[in-house]
Amino acid sequence: MPLNRRTFLGTSAAAGAGAAIAGGAAVPAEAHGHGAGHGRPPKRYSFTVMGTTDLHGNALNWDYFTDKEFDDKDHNDVGLAKISTLVDQVRREKGRHNTLMIDAGDTIQGTQLSYYYAKIDPITAKHGPVHPMAQAMNAIGYDAAALGNHEFNYGIPVLRKFEEQCDFPLLGANALDAKTLRPAFAPYVIKKLRTPHGRDVKVAILGLTNPGIAIWDKANVGGKMVFPGLEEQAAKYVPRLRSMGADVVIVSAHSGNSGTSSYGDQIPYVENAAGLVAEQVPGIDAILVGHAHLEIPEYFVENKETGKKVVLSEPLKWGQRLTLFDFDLVWEKGRWVVERAGSQVLNSNTVAEDPKITRMLADEHKKVVAYVNQVIGTSTAAMTTAEAAWKDEPIIDLINVVQAETVKAALAGGAYAALPVLSQASCFSRTAQIPAGDVTIRDAAGLYLFENTLEARLLTGAQLKDYLEFSARYYVQTAVGAPVDTSKLTNAGGTPDYNYDVVSGLAYDIDIAKPNGSRIVNLSFGGKAIDPAAQFVLAVNNYRASGGGNFPHVAGSKQLWANSEEIRNTIIAWVRAKGSVDGAAFASVDWRLTRDGSPVF
């Protein structure tokens, strides 16, 4: 698939070269003091930068997997329609031309709305639709957005079409063309804010994305793009932006703040490097943080070289929060200087959806609702993931039986056809369910929230034991006899649900009283203790196979087969073909949590 790349000589270059201007009427002089001079107060100017991140296809406050208004235990709301209302409020308070609006990536993947316009009615088709996220973000008036790693899930052509449909640049200073090592997207944009004092404030927005793209989306970017470290590229561009006259430098980084990487040392660049960028690169005033799906209203990092404090903020995912960076500037020695910078977040559940956005996307929403409610089969019994994070549940077995059958069929007649096929799956959502009776697309799709594809990898019994030990770190060590609270049992060390794998086709216990590395006991295959040297085929998603989660052995193992069909679609097709889902035909309890040989549940 060719990299349909627009170089700096094309439209992206205008943004990268910093030509965009946000002009407008000046704010009243009395709001910011008077002109500088002997005996007069210094000139001052204040402005606000608003930010979102990890929108993941949430345009409206709707959950397409449950087909109802979004809600969670904290009664959060989601979507750009809510954000639009907050943005309008801030602009009314601050003055439209004293504000900027940016995003830190992961925009076009995550909901059935975004899937529909990538795969079912794709934006890349001739005379195809305009992506709903582009429509909404254009209407809100975004000034720039950094690239997220999930922007690449549907391939570069879909991303390029989305970029073309946006009225603002997609920024990625560390997203480079693999052949020329030049930026494949605009690295930055410079916006000008008009002040009442004669000299505009030049605000540079530098976009940085996640180096993990090279691993997670290798199939889409391999040989086409490379992704060096955030610190390295920030150190290159921030001095350049300052030399171009930027008074304020803001980084929009699709990278968390923890300094850690889920992929270990597979690549030499840190996944969650936002704090490191603030610490190591002088000249940055603020960083909009993304990727980690955390809420950080305000956090300061001291730059090692200058001692200056850099403000960081991460608004909660899916449009649940809006970050506000407030900057107070003072005119000193012929230039604007940041006197104070702080941040806060606003909660989108405090406002109604903007009817301008809901009206604009009404047709798109209606189409997607009709699509996800198509009946594809029936189920003999209800199944749910409510307890799947600590029990072997039939609904996860469903994922595994589909994957195993698909791989067996693909390898039939080949050199590896005689090997046993195991399968890996995670509990992606604790609210997924297959109802008794009619099963719809949204029911089946709700089991698999990500656009992962399926691979077959060759592993030994010993390697599988290591793999399961690594996965079992997910549980908090709980002594024999101590009470077990399921709300505190999982996610040890911050491990997300999607990085806890169960493997079907084997039988094993996980002793949660034991320390990490020695929890897998009674591991067997076919009723016998597993042979460390025996070979097995593992049906595994491409995220895990490419090193996502840093599980041992699998990324370096022999690939026997792979395809480009999303596992989610494979599940939908399997249900359609079977007509009926009967858990009794495939479900079995193959793993359990124990303590000193006694089952926990």
# chains A, B, ... in the order shown; residues from 1 in each chain; ligands from 1
>>> residues_around(residues="Arg335 of chain A", least_positions_apart="6", cutoff="12 Å", atoms="only C-alpha atoms", output="JSON, numbers by chain")
{"A": [36, 42, 43, 44, 45, 197, 198, 199, 200, 201, 202, 242, 245, 246, 247, 248, 329]}
>>> select_by_dssp(residues="segment 66-180 of chain A", states="strand (DSSP E or B)", output="PyMOL selection string")
chain A and resi 68-69+99-103+144-146+170-171+176-177
>>> residues_around(residues="Glu387 of chain A", least_positions_apart="6", cutoff="9 Å", atoms="only C-alpha atoms", output="list in words")
Glu393, Arg430 and Thr486 of chain A
>>> residues_around(residues="segment 113-118 of chain A", least_positions_apart="3", cutoff="10 Å", atoms="only C-alpha atoms", output="VMD selection string")
chain A and resid 56 to 60 62 to 64 107 to 110 121 to 125 128 to 133 153 to 155 158 to 159 162 364 to 365 367 to 369 371 to 372 450 to 451
